[in-house]
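S.K.: One structure follows; several queries about it will come next.
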Amino acid sequence: MTETHHPNPRRTKFKAGTELRERILEAASRLLAEDGYQNVSMRKIAEDAGCSQMAAYRHFADKDALIRQLRLDSYNQFVTVNQRLEHLTDPVERLRQTLHEFLKLVVTHPREYRLAFLTPASDGQELEWRVQVTKPFTAYFLEWLQRVLPPETEKSVAEEKLLQIVACLHGMSVMLINYPRAYGLTIERAIRELDSAFDRIVLSR
């Protein structure tokens, strides 16, 4: 007699729950980009995700909790870019490639970049949360930047250079996703311009 195997009901339920959660997040991300925060409700998100409003609330307590999770996921896409470059040991090459990979992510995930970096914080608590989320990436970049600079360089000088690089990176990212035609900008040109800025800020003595 052939033995019949039945699926584990708990496992099936868990998988369905995980998939539904991802659908809710995807629907929220899309609707926020199209309609803006004020015009998106949990009911509308649930409808777009193909579930009941109650089902959406089982995954997220309210719209703010859902948005926080979206932002965290978006941040993680960008601030963990360095993890793909652990094989690079030359600090200059590693920093250059970090900037390149970041820009490529901006182009492929513009909606996530807008949500993570272009949407104003709703209050001081959220602003502080954003600072904490991005701290690992800032610390990583500062560490490798200090390896490039002369050993006697004061930390305050390295932090100032880091700020200048981040400003260039953010500005280039905004132009890439919002105004590329106005500047004839492509990802290739953006990378060249960012490399040039990096050379001026970091390598020039």
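For the structure tokens, the naming scheme is as follows: chains receive sequential letters (A, B, ...) according to their order of presentation, residues are indexed from 1 within each chain, and ligands are indexed from 1 in presentation order.
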Mind checking which residues fall within 10 Å of stretch 126-136 of chain A, counting only C-alpha atoms, ignoring those fewer than 4 positions away in the same chain, and posting them as an MDAnalysis selection string?
M.R.: chainID A and resid 68 71:72 75:76 78:80 116:117 120:122 140:142
S.K.: Which of these residues is nearest to A:Gln69, using only C-alpha atoms: A:Glu159, A:Glu112, A:Glu152, A:Glu193?
M.R.: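 Among the listed residues, A:Glu112 lies closest to A:Gln69.
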S.K.: Do a neighbour search on stretch 177-180 of chain A at 8 Å with only C-alpha atoms, toss out local chain neighbours closer than 6 positions, and write the hits as a PyMOL selection string.
M.R.: chain A and resi 106-107+110+186
S.K.: Could you write out, as a PyMOL selection string, all the residues of stretch 34-180 of chain A that DSSP marks as alpha helix (DSSP H)?
M.R.: chain A and resi 34-35+42-49+53-59+63-79+91-108+110-113+124-148+155-178+180
S.K.: For a quick check of understanding, using only C-alpha atoms, which of A:Val92, A:Ile187, A:Leu66, A:Val166 has the smallest distance to A:Phe137?
M.R.: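 That would be A:Val166, the residue with the smallest distance to A:Phe137.
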